[in-house]
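S.K.: Mind looking over this structure? Questions follow.
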Amino acid sequence: EASSKFKSGLIITLPYVFSKGVILTKNELNRYAVLPAEGTVWTRGRYTLTIDIQSIDGIRNNVSVTAKVEGRFRDGLFSEWSMLKSSGIAEDEFLMKLVEEVGGLPQEMWRKP
């Protein structure tokens with residue numbers, strides 16, 4: 001809440017840890033981020049969402065979502081968080097859930113071209 005500016009339509013979430021442990025983290029991180037080609041040992045994955053809501057005309061709003069995805073890796077004796085490029089999955093998942101919550105159709109019912 002300290003970073004969010006609700007009156008301006010800016011919401012920044014707390015970091016959400018979506019994966020823990022060496023075995024699962026690389027695959028889960030690969031889903032939410034573009035991983036570097038190197039053989040890094042990833043131990044955790046997390047993302048923070050920044051949601052920006054802009055009113056168009058008092059009834060309609062533009063909503064944009066950006067995910068800051070980070071992976072924690074081991075480097076000898078130390079562990080540190082590294083920022084990764086988002087694959088867009090976290091943003092899409094949030095927006096799909098938002099559409100459903102405000103009365104829109106679930107993704108399974110969207111028309112596919």
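Naming scheme: A, B, ... for chains in displayed order of the structure tokens; residues 1 onward per chain; ligands 1 onward as shown.
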Go through stretch 30-74 of chain A and flag each residue having an atom no more than 10 Å from stretch 93-100 of chain A; for those, report the closest pair of atoms plus their distance in Å to one decimal, using only C-alpha atoms, ordered by chain and rising number, as JSON lines.

M.R.:
```
{"residue": "A:Leu49", "atom": "CA", "partner": "A:Phe94", "partner_atom": "CA", "distance": 8.9}
{"residue": "A:Ile51", "atom": "CA", "partner": "A:Phe94", "partner_atom": "CA", "distance": 9.6}
{"residue": "A:Val63", "atom": "CA", "partner": "A:Leu95", "partner_atom": "CA", "distance": 8.5}
{"residue": "A:Ser64", "atom": "CA", "partner": "A:Leu95", "partner_atom": "CA", "distance": 8.5}
{"residue": "A:Val65", "atom": "CA", "partner": "A:Leu95", "partner_atom": "CA", "distance": 7.6}
{"residue": "A:Thr66", "atom": "CA", "partner": "A:Phe94", "partner_atom": "CA", "distance": 10.0}
{"residue": "A:Ala67", "atom": "CA", "partner": "A:Phe94", "partner_atom": "CA", "distance": 9.9}
```

S.K.: Residues of the last selection are to be written out with all heavy atoms, as a PDB file, in the first residue's frame.

M.R.:
```pdb
ATOM      1  N   LEU A  49       2.999  -7.033  -9.283  1.00  0.00           N
ATOM      2  CA  LEU A  49       2.185  -6.440 -10.338  1.00  0.00           C
ATOM      3  C   LEU A  49       2.019  -4.946 -10.106  1.00  0.00           C
ATOM      4  O   LEU A  49       1.805  -4.501  -8.975  1.00  0.00           O
ATOM      5  CB  LEU A  49       0.798  -7.086 -10.383  1.00  0.00           C
ATOM      6  CG  LEU A  49       0.755  -8.572 -10.725  1.00  0.00           C
ATOM      7  CD1 LEU A  49      -0.683  -9.079 -10.666  1.00  0.00           C
ATOM      8  CD2 LEU A  49       1.362  -8.834 -12.092  1.00  0.00           C
ATOM      9  N   ILE A  51      -0.539  -2.171 -11.437  1.00  0.00           N
ATOM     10  CA  ILE A  51      -1.804  -2.024 -12.146  1.00  0.00           C
ATOM     11  C   ILE A  51      -2.090  -0.537 -12.257  1.00  0.00           C
ATOM     12  O   ILE A  51      -2.147   0.171 -11.248  1.00  0.00           O
ATOM     13  CB  ILE A  51      -2.943  -2.748 -11.395  1.00  0.00           C
ATOM     14  CG1 ILE A  51      -2.578  -4.223 -11.228  1.00  0.00           C
ATOM     15  CG2 ILE A  51      -4.273  -2.588 -12.120  1.00  0.00           C
ATOM     16  CD1 ILE A  51      -2.777  -4.752  -9.861  1.00  0.00           C
ATOM     17  N   VAL A  63      -7.141  -0.302 -18.316  1.00  0.00           N
ATOM     18  CA  VAL A  63      -6.393  -0.983 -17.267  1.00  0.00           C
ATOM     19  C   VAL A  63      -5.158  -1.600 -17.906  1.00  0.00           C
ATOM     20  O   VAL A  63      -5.275  -2.382 -18.852  1.00  0.00           O
ATOM     21  CB  VAL A  63      -7.240  -2.089 -16.587  1.00  0.00           C
ATOM     22  CG1 VAL A  63      -6.429  -2.805 -15.524  1.00  0.00           C
ATOM     23  CG2 VAL A  63      -8.514  -1.505 -15.993  1.00  0.00           C
ATOM     24  N   SER A  64      -3.994  -1.243 -17.393  1.00  0.00           N
ATOM     25  CA  SER A  64      -2.765  -1.874 -17.869  1.00  0.00           C
ATOM     26  C   SER A  64      -2.068  -2.530 -16.683  1.00  0.00           C
ATOM     27  O   SER A  64      -2.135  -2.035 -15.562  1.00  0.00           O
ATOM     28  CB  SER A  64      -1.845  -0.867 -18.557  1.00  0.00           C
ATOM     29  OG  SER A  64      -1.380   0.090 -17.647  1.00  0.00           O
ATOM     30  N   VAL A  65      -1.435  -3.649 -16.966  1.00  0.00           N
ATOM     31  CA  VAL A  65      -0.765  -4.428 -15.926  1.00  0.00           C
ATOM     32  C   VAL A  65       0.655  -4.734 -16.387  1.00  0.00           C
ATOM     33  O   VAL A  65       0.866  -5.150 -17.529  1.00  0.00           O
ATOM     34  CB  VAL A  65      -1.516  -5.748 -15.644  1.00  0.00           C
ATOM     35  CG1 VAL A  65      -0.816  -6.540 -14.547  1.00  0.00           C
ATOM     36  CG2 VAL A  65      -2.951  -5.487 -15.278  1.00  0.00           C
ATOM     37  N   THR A  66       1.600  -4.524 -15.492  1.00  0.00           N
ATOM     38  CA  THR A  66       2.992  -4.853 -15.760  1.00  0.00           C
ATOM     39  C   THR A  66       3.498  -5.716 -14.608  1.00  0.00           C
ATOM     40  O   THR A  66       3.258  -5.390 -13.442  1.00  0.00           O
ATOM     41  CB  THR A  66       3.845  -3.568 -15.838  1.00  0.00           C
ATOM     42  OG1 THR A  66       3.270  -2.683 -16.781  1.00  0.00           O
ATOM     43  CG2 THR A  66       5.267  -3.884 -16.249  1.00  0.00           C
ATOM     44  N   ALA A  67       4.184  -6.796 -14.952  1.00  0.00           N
ATOM     45  CA  ALA A  67       4.751  -7.672 -13.920  1.00  0.00           C
ATOM     46  C   ALA A  67       6.265  -7.488 -13.860  1.00  0.00           C
ATOM     47  O   ALA A  67       6.940  -7.474 -14.891  1.00  0.00           O
ATOM     48  CB  ALA A  67       4.420  -9.128 -14.207  1.00  0.00           C
TER      49      ALA A  67
END
```

S.K.: Kindly indicate which residue among A:Trp81, A:Trp42, A:Tyr47, A:Phe73 lies nearest to A:Val22, using only C-alpha atoms for the distances.

M.R.: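 Among the listed residues, the smallest separation from A:Val22 belongs to A:Trp42.
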
S.K.: DSSP on the backbone, then: every residue of chain A marked helix (DSSP H, G or I), written as number ranges by chain.

M.R.: A: 6-8, 22-32, 89-101, 107-109

S.K.: Could you list, as a PyMOL selection string, every residue within 7 Å of stretch 31-39 of chain A, counting only C-alpha atoms and ignoring same-chain residues fewer than 5 positions away?

M.R.: chain A and resi 69+84-90

S.K.: List the neighbours of A:Val17 out to 8 Å using only C-alpha atoms; skip same-chain residues closer than 2 positions along the sequence, and give me the result as a PyMOL selection string.

M.R.: chain A and resi 15+19-20+44-47

S.K.: Rank nothing, just name the residue among A:Thr40, A:Ser82, A:Asn30, A:Gln54 nearest to A:Lys68, using only C-alpha atoms.

M.R.: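 Checking each of A:Thr40, A:Ser82, A:Asn30, A:Gln54 against A:Lys68, counting only C-alpha atoms, the winner is A:Ser82.
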
S.K.: Would you return as an MDAnalysis selection string the members of chain A that DSSP assigns to strand (DSSP E or B) on this structure's backbone?

M.R.: chainID A and resid 5 10:12 16:20 33:34 42:55 61:75 78:86

S.K.: Quick one, how far is atom CA of A:Ile11 from atom CA of A:Arg72?

M.R.: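 Taking atom CA of A:Ile11 and atom CA of A:Arg72, their separation equals 24.2 Å.
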
S.K.: Which residue, A:Gly58, A:Asp52, A:Asp92, A:Asp75, has the smallest gap to A:Lys5 when you use only C-alpha atoms?

M.R.: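 For A:Lys5, the nearest of the given residues is A:Asp52.
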
S.K.: Could you please determine the separation between atom CA of A:Thr13 and atom CA of A:Thr50 in Å, to one decimal place?

M.R.: 6.6 Å
